[in-house]
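Q: To start, I am sharing the structure in question, which I have written as structure tokens.
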Protein chains: 2
Amino acid sequence: MTFLLLGNLPESPSGSFFGHLLVIPMDGSHWMDLKAVAEEIGRRGHQVTVVIPEVSVRMGPGKHYKTLTYPVPYDKERIDSLLSMHMDVLRQSTQSFMEKINSRFSQIKNITSFIHTTAESLLFNASVISHLSQQHFDAVLTDPMYLVLSCSWLHVFLLKSLSGLPTVNLLRVIPCGLDTKSAACPAPPSYVPRFFTKFTDKMNFWQRVINTLPLLCRLFYWHFDHIAYQFLGEEVGVFNVLLSKYCGTLYRTDSILDFPRPLMPNMVFVGGISCNIRNPLPQVREAETDSWVSGEHGFVVFTLGTAVSVLPEEITAVLLEAFRQIPQKVIWRYTGPVPDDVPENVKMMEWVPQNELLAHHGVRAFITHAGSHGLYEGLCHAVPMVMMPLGGDQPDNAQRMASRGVGVVLDITTITVETLLQGLNDVINNSSYKESVEKLSAFHKDRPFDPLELSVYWTEFVMRHKGATHLRAAAHDLNWVQYHCLDVLALLATVVLLVVMVTMRCMRLCLRKLSRKRKQD
Amino acid sequence: MTFLLLGNLPESPSGSFFGHLLVIPMDGSHWMDLKAVAEEIGRRGHQVTVVIPEVSVRMGPGKHYKTLTYPVPYDKERIDSLLSMHMDVLRQSTQSFMEKINSRFSQIKNITSFIHTTAESLLFNASVISHLSQQHFDAVLTDPMYLVLSCSWLHVFLLKSLSGLPTVNLLRVIPCGLDTKSAACPAPPSYVPRFFTKFTDKMNFWQRVINTLPLLCRLFYWHFDHIAYQFLGEEVGVFNVLLSKYCGTLYRTDSILDFPRPLMPNMVFVGGISCNIRNPLPQVREAETDSWVSGEHGFVVFTLGTAVSVLPEEITAVLLEAFRQIPQKVIWRYTGPVPDDVPENVKMMEWVPQNELLAHHGVRAFITHAGSHGLYEGLCHAVPMVMMPLGGDQPDNAQRMASRGVGVVLDITTITVETLLQGLNDVINNSSYKESVEKLSAFHKDRPFDPLELSVYWTEFVMRHKGATHLRAAAHDLNWVQYHCLDVLALLATVVLLVVMVTMRCMRLCLRKLSRKRKQD
């Protein structure tokens, strides 16, 4: 007997739900992807509130979200002076060892203090906090670099005022592997290189030694914990806060930029969002420029990211001299005063549409600081790269890309005309770089879901379900000893030891009896 | 200066590629999802060749693939007798301990020998192998349970005749955790329960001890290696073969059926494919049946999977007696002779459209053997479950579902009228079961990609790119000592030991000098 029962599958769980999302962004290049996600979620009909300081590098209003600004005790000039601090770092070749240490240290100190100030401006702004507490948010989307660099103010604030609000992170990496640690995600030091080591997934013995050495991360974060204490009146460790609150992390990476490694189910790769973001540009001098770059030898795109748009004169001179000697045109993003002796094949511009240029058929190479956005745009359009990393995740990014054969890495502080010419010549004329980047590009772009769509999907998921508890590993409920089964191993070792000891004693007894017997015989 | 450069993003990498896929399926319920994927890939225009034995439980031709059959030295009756072997296992309550051991052992022996015969029939069929070798396949899609249960014949055969062909696995689990081991995927024994233990992700100390004890898997697989040697003329370990060949695994699970745990980038969850597969049924007695099940109290669906459609008389009598006492109608898949005293509210049928029934609004509970397909259909339609697992992954599946509060687990070999009534009463009348299953169902169905689409996507990916090398973790290139950094730990321990010894010696020297000085004083 057979029969047919009519009943439709329940409707798709998305669709008619409209929620309210709180977005706490991070400035600089971090803002790009977060803005794209906030815009798209707003465009889909959700209410999106982005909380930003009144003064910032890039953060600002958008078409599909509303912004809530709070006053900060600094102005645009302070930000500009912070941004120009890289000049000191770039002058390292002319500095003594102590000067180098000093310039790096003061750069870190200044940036940290700046973020502290920003964080405190929000945290102790009673009217903003009170306003936010009265909203009915479904989730918060944030870049927790802010959290880490700013005494966990965000989560502290959420704990106090918006307790229980599920959090989605959008990030590249948190120093000390805090992001994977907080997800209880294994990271075998034998092939998962730590950030800031510049190692790849193929390490020799000594690299593995360095990669395995314990990091004193508590020391690194202790002063963040301190401000959390000031605000909350109770001890809240950054680790604990991270562990207990967030639902999932959208990683601005994938198995192309980073090496294949273990992941947890609530870690989602969304690397390459910016690749599909096209800026609506005024069509000024369009035809002229298009014909300018469409020469026989093609052109090279040269940008060092938002933060670095001017270089020390001596480095600029070296670069210009090298560019003079190549047949390609060069489009260089540069906001400083244009030198007198710029070669004819070089255009220095205050702003370049990087992604659009990289998509042009005439592009031959991309000189980049190896920020993740730039790398993805290079990857996306299969452009071989000359990488000159400056700091943060860039040196690691660059080594990762170089190990895949898509470009070369140069040290900008010691660059010479010869090394740059050699690098450019390699990536432009040695076809292996183009082949490698084309292969990786094909892998990167062949994915079932667009990274922006995926980011929006999981953020909406957390909003719809008020969290993602089913993706939370039971590892979070175990202490360190239990997680590593050290208690079990101790027991097993004891058992083995006992067995060995008993066996030994038995054998000794037997031997003694045997020898006695022999003596008697 | 700004300008616009016109250049489109490269086209989506899918689309115009049409390849040739080899499918080596596994019989029984394993066939369901593999068939669905093969059909869909064929429907999309690829050439799909499915290699199956002339006689099987379920495997057969499809609309969108071609089949290549090979003769086997057994007939349908041998298969039927194999399937009826569960009767001995179900009679365990009346058996002595030795009889129990004996019936389990002979069941395993018979099934293994059956699969051996099937495997050898293909492996040593020169004309089939030669025909396959001449085809230009782009990839092979397989269920490696076959591999494991059949002396790695599949991979051996691939190694020899179709060397280098990228492989995609579609599986639930391989005993001994061979699937995760071969993917170099960490599985912390503290919260990732081993199969066949029935543990959940929350284990007490003694459960963790059992979960941590080393398994002698080499012993388990040694005879598979032996036949590989016979065919290849060289030693090929199952571990090595698995490690070296496959590109990715599609898991017939997700973080709902299994607990959240670490994954590798080439492990993809596609649990729940069958939930969307609706059988085109003849509309026989449709109206009559629909009205029959649409009573006030609803109905219960009772199936124990393809392999178990008859039960020993004494168990059947117990079940019927329990069903007689509930107000719900019961639809029971049962192929044996229908007893005389079937209550009015019970329909025993040779085949039931399980997925369609579970989607009906009148369903109140699902009595199931806790096979993964059935569980997903229950989950998909949010039906609370009474689970009576019989073997394989079922006892573990059942415990996992029970720990999530979506049903109760009963032992069918010792079942009584009271326990079944209690179980049914719980899941039907205690609303917590319905609430839990509705919550889990919402999580399960809220996914960015349909599991069938995702399976097809990744299989096509491997076909398009002739593999997925970029997802292969560098862990595969490390030996056991290197992977666990035991050499590094040895070095660090030595350094610590040396430091301690030197410090101790220094202190002793100092103390000695001090005491000498005192004596002199």
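Labels used: A, B, ... for chains in the order of the structure tokens, numbers from 1 for residues in each chain, and numbers from 1 for ligands as shown.
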May I have the residues within 8 Å of A:Thr306 as a list of chain:residue names, using only C-alpha atoms and disregarding those fewer than 2 positions away in the same chain?

A: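 These residues fall inside the cut-off: A:Gly28, A:Ser29, A:Leu304, A:Val308, A:Ser309.
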
Q: Select from stretch 375-469 of chain A everything DSSP, run on the backbone, classes as strand (DSSP E), then give the selection as a ChimeraX atom specification.

A: /A:385-387,407-409

Q: How far is it from atom CA of B:Glu453 to atom CA of B:Val168, in Å with one decimal?

A: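 Interatomic distance, atom CA of B:Glu453 to atom CA of B:Val168: 14.9 Å.
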
Q: Pick out the closest residue to chain B from this set: A:Gly336, A:Pro448, A:Gly405, A:Gly62. Count only C-alpha atoms.

A: A:Pro448

Q: Select, from A:His116, A:Arg78, A:His297, A:Lys445, the residue with the minimum atom-to-atom distance to A:Ile256, counting only C-alpha atoms.

A: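 Smallest distance to A:Ile256 is found for A:Lys445.
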
Q: List the spatial neighbours of stretch 456-463 of chain A as a ChimeraX atom specification - criterion: any atom at most 9 Å away, only C-alpha atoms, same-chain residues fewer than 4 positions off excluded.

A: /A:14,17-21,37-38,40-41,137-141,166-168,247-248,250,268,451-452,467-468 /B:443,446-448

Q: Once you have the residues from the selection above, write them out as a CSV table (one decimal), in the first residue's frame, restricted to C-alpha atoms.

A:
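File out_3.csv, as written:
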chain,number,residue,atom,x,y,z
A,14,SER,CA,14.7,34.0,6.7
A,17,PHE,CA,12.2,38.9,10.1
A,18,PHE,CA,13.3,42.5,10.6
A,19,GLY,CA,15.6,43.3,13.5
A,20,HIS,CA,17.8,46.0,15.0
A,21,LEU,CA,21.5,45.7,14.8
A,37,VAL,CA,28.0,44.5,5.9
A,38,ALA,CA,26.1,47.3,7.8
A,40,GLU,CA,23.8,45.5,3.2
A,41,ILE,CA,21.9,44.6,6.3
A,137,PHE,CA,18.9,45.4,19.7
A,138,ASP,CA,18.9,41.9,18.5
A,139,ALA,CA,22.6,41.6,18.1
A,140,VAL,CA,25.9,43.6,18.0
A,141,LEU,CA,28.4,43.4,15.1
A,166,PRO,CA,24.6,38.2,21.1
A,167,THR,CA,27.8,39.4,19.4
A,168,VAL,CA,29.2,38.7,16.0
A,247,CYS,CA,28.4,33.8,19.1
A,248,GLY,CA,30.6,33.7,16.0
A,250,LEU,CA,33.5,36.3,10.5
A,268,VAL,CA,33.3,31.7,9.1
A,451,PRO,CA,31.6,36.7,1.3
A,452,LEU,CA,29.4,39.8,1.8
A,467,GLY,CA,22.4,33.8,19.2
A,468,ALA,CA,23.9,30.6,17.9
B,443,PHE,CA,18.7,26.0,13.5
B,446,ASP,CA,18.5,28.0,8.7
B,447,ARG,CA,21.6,27.6,6.5
B,448,PRO,CA,23.0,29.6,3.6

Q: Taking into account only C-alpha atoms, which residue in the set B:Met348, B:Val128, B:Ile415, B:Leu498 is nearest to chain A?

A: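 Counting only C-alpha atoms, the residue closest to chain A is B:Met348.
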
Q: Select from stretch 382-479 of chain B every residue with an atom at most 8 Å from any atom of stretch 349-366 of chain B, then for each give the shortest pair of atoms and their distance in Å to one decimal, using only C-alpha atoms, rows by chain and rising number, as CSV.

A:
residue,atom,partner,partner_atom,distance
B:Val383,CA,B:Ala365,CA,5.7
B:Pro384,CA,B:Ala365,CA,5.2
B:Met385,CA,B:Phe366,CA,4.7
B:Val386,CA,B:Phe366,CA,6.1
B:Leu424,CA,B:Ala365,CA,7.4
B:Val427,CA,B:Ala365,CA,6.8
B:Ile428,CA,B:Arg364,CA,6.0

Q: Those selected residues, please, written with all heavy atoms and delivered as a PDB file, in the first residue's frame.

A:
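The result, written out as out_31.pdb:
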ATOM      1  N   VAL B 383       9.647  16.805  14.607  1.00  0.00           N
ATOM      2  CA  VAL B 383       8.823  15.769  15.239  1.00  0.00           C
ATOM      3  C   VAL B 383       9.599  15.152  16.410  1.00  0.00           C
ATOM      4  O   VAL B 383      10.707  14.646  16.215  1.00  0.00           O
ATOM      5  CB  VAL B 383       8.477  14.658  14.216  1.00  0.00           C
ATOM      6  CG1 VAL B 383       7.519  13.649  14.837  1.00  0.00           C
ATOM      7  CG2 VAL B 383       7.885  15.257  12.952  1.00  0.00           C
ATOM      8  N   PRO B 384       9.055  15.178  17.632  1.00  0.00           N
ATOM      9  CA  PRO B 384       9.739  14.539  18.766  1.00  0.00           C
ATOM     10  C   PRO B 384       9.871  13.035  18.516  1.00  0.00           C
ATOM     11  O   PRO B 384       9.026  12.442  17.842  1.00  0.00           O
ATOM     12  CB  PRO B 384       8.800  14.806  19.946  1.00  0.00           C
ATOM     13  CG  PRO B 384       7.815  15.808  19.485  1.00  0.00           C
ATOM     14  CD  PRO B 384       7.751  15.739  18.012  1.00  0.00           C
ATOM     15  N   MET B 385      10.931  12.437  19.067  1.00  0.00           N
ATOM     16  CA  MET B 385      11.243  11.057  18.673  1.00  0.00           C
ATOM     17  C   MET B 385      11.386  10.094  19.842  1.00  0.00           C
ATOM     18  O   MET B 385      11.891  10.447  20.899  1.00  0.00           O
ATOM     19  CB  MET B 385      12.555  11.054  17.889  1.00  0.00           C
ATOM     20  CG  MET B 385      12.466  11.905  16.627  1.00  0.00           C
ATOM     21  SD  MET B 385      14.018  11.994  15.718  1.00  0.00           S
ATOM     22  CE  MET B 385      14.316  13.759  15.755  1.00  0.00           C
ATOM     23  N   VAL B 386      10.933   8.859  19.603  1.00  0.00           N
ATOM     24  CA  VAL B 386      11.262   7.739  20.475  1.00  0.00           C
ATOM     25  C   VAL B 386      12.275   6.913  19.685  1.00  0.00           C
ATOM     26  O   VAL B 386      11.966   6.430  18.599  1.00  0.00           O
ATOM     27  CB  VAL B 386      10.018   6.887  20.799  1.00  0.00           C
ATOM     28  CG1 VAL B 386      10.419   5.625  21.545  1.00  0.00           C
ATOM     29  CG2 VAL B 386       9.031   7.707  21.609  1.00  0.00           C
ATOM     30  N   LEU B 424       6.420   7.157  24.741  1.00  0.00           N
ATOM     31  CA  LEU B 424       5.493   7.832  23.823  1.00  0.00           C
ATOM     32  C   LEU B 424       4.758   8.962  24.548  1.00  0.00           C
ATOM     33  O   LEU B 424       4.602  10.066  23.999  1.00  0.00           O
ATOM     34  CB  LEU B 424       4.483   6.826  23.268  1.00  0.00           C
ATOM     35  CG  LEU B 424       4.999   5.980  22.096  1.00  0.00           C
ATOM     36  CD1 LEU B 424       4.031   4.853  21.766  1.00  0.00           C
ATOM     37  CD2 LEU B 424       5.223   6.853  20.854  1.00  0.00           C
ATOM     38  N   VAL B 427       7.189  12.063  24.960  1.00  0.00           N
ATOM     39  CA  VAL B 427       7.482  12.906  23.792  1.00  0.00           C
ATOM     40  C   VAL B 427       6.227  13.548  23.218  1.00  0.00           C
ATOM     41  O   VAL B 427       6.286  14.608  22.604  1.00  0.00           O
ATOM     42  CB  VAL B 427       8.253  12.152  22.675  1.00  0.00           C
ATOM     43  CG1 VAL B 427       9.575  11.613  23.189  1.00  0.00           C
ATOM     44  CG2 VAL B 427       7.431  11.060  22.056  1.00  0.00           C
ATOM     45  N   ILE B 428       5.060  12.895  23.432  1.00  0.00           N
ATOM     46  CA  ILE B 428       3.827  13.469  22.878  1.00  0.00           C
ATOM     47  C   ILE B 428       3.237  14.534  23.806  1.00  0.00           C
ATOM     48  O   ILE B 428       2.820  15.599  23.347  1.00  0.00           O
ATOM     49  CB  ILE B 428       2.781  12.362  22.587  1.00  0.00           C
ATOM     50  CG1 ILE B 428       3.286  11.463  21.450  1.00  0.00           C
ATOM     51  CG2 ILE B 428       1.421  12.961  22.214  1.00  0.00           C
ATOM     52  CD1 ILE B 428       2.449  10.218  21.207  1.00  0.00           C
TER      53      ILE B 428
END

Q: Go through B:Gln107, B:Thr212, B:Ser81, B:Asn430 one by one, measure the shortest atom-to-atom distance of each to A:Asp487 using only C-alpha atoms, and give the residue with the smallest value.

A: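 Closest candidate: B:Thr212.
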
Q: Among stretch 337-517 of chain A, which residues does DSSP mark as helix (DSSP H, G or I) when it is run on the backbone? Keep the chain and numbering as in the structure and answer as number ranges by chain.

A: A: 354-358, 372-380, 394-403, 412-414, 417-429, 431-445, 451-465, 469-471, 474-477, 480-483, 486-517

Q: Could you check how far atom CA of A:Leu170 sits from atom CA of A:Asp143, in Å to one decimal?

A: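 Atom CA of A:Asp143 lies at a distance of 5.1 Å from atom CA of A:Leu170.
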
Q: To one decimal in Å, tell me the separation between atom CA of A:Pro214 and atom CA of B:Cys485.

A: 13.1 Å

Q: Ranking B:Gln328, B:Thr142, B:Gln47, B:Asn479 by minimum distance to chain A and counting only C-alpha atoms, which one comes first?

A: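 Closest residue, counting only C-alpha atoms: B:Asn479.
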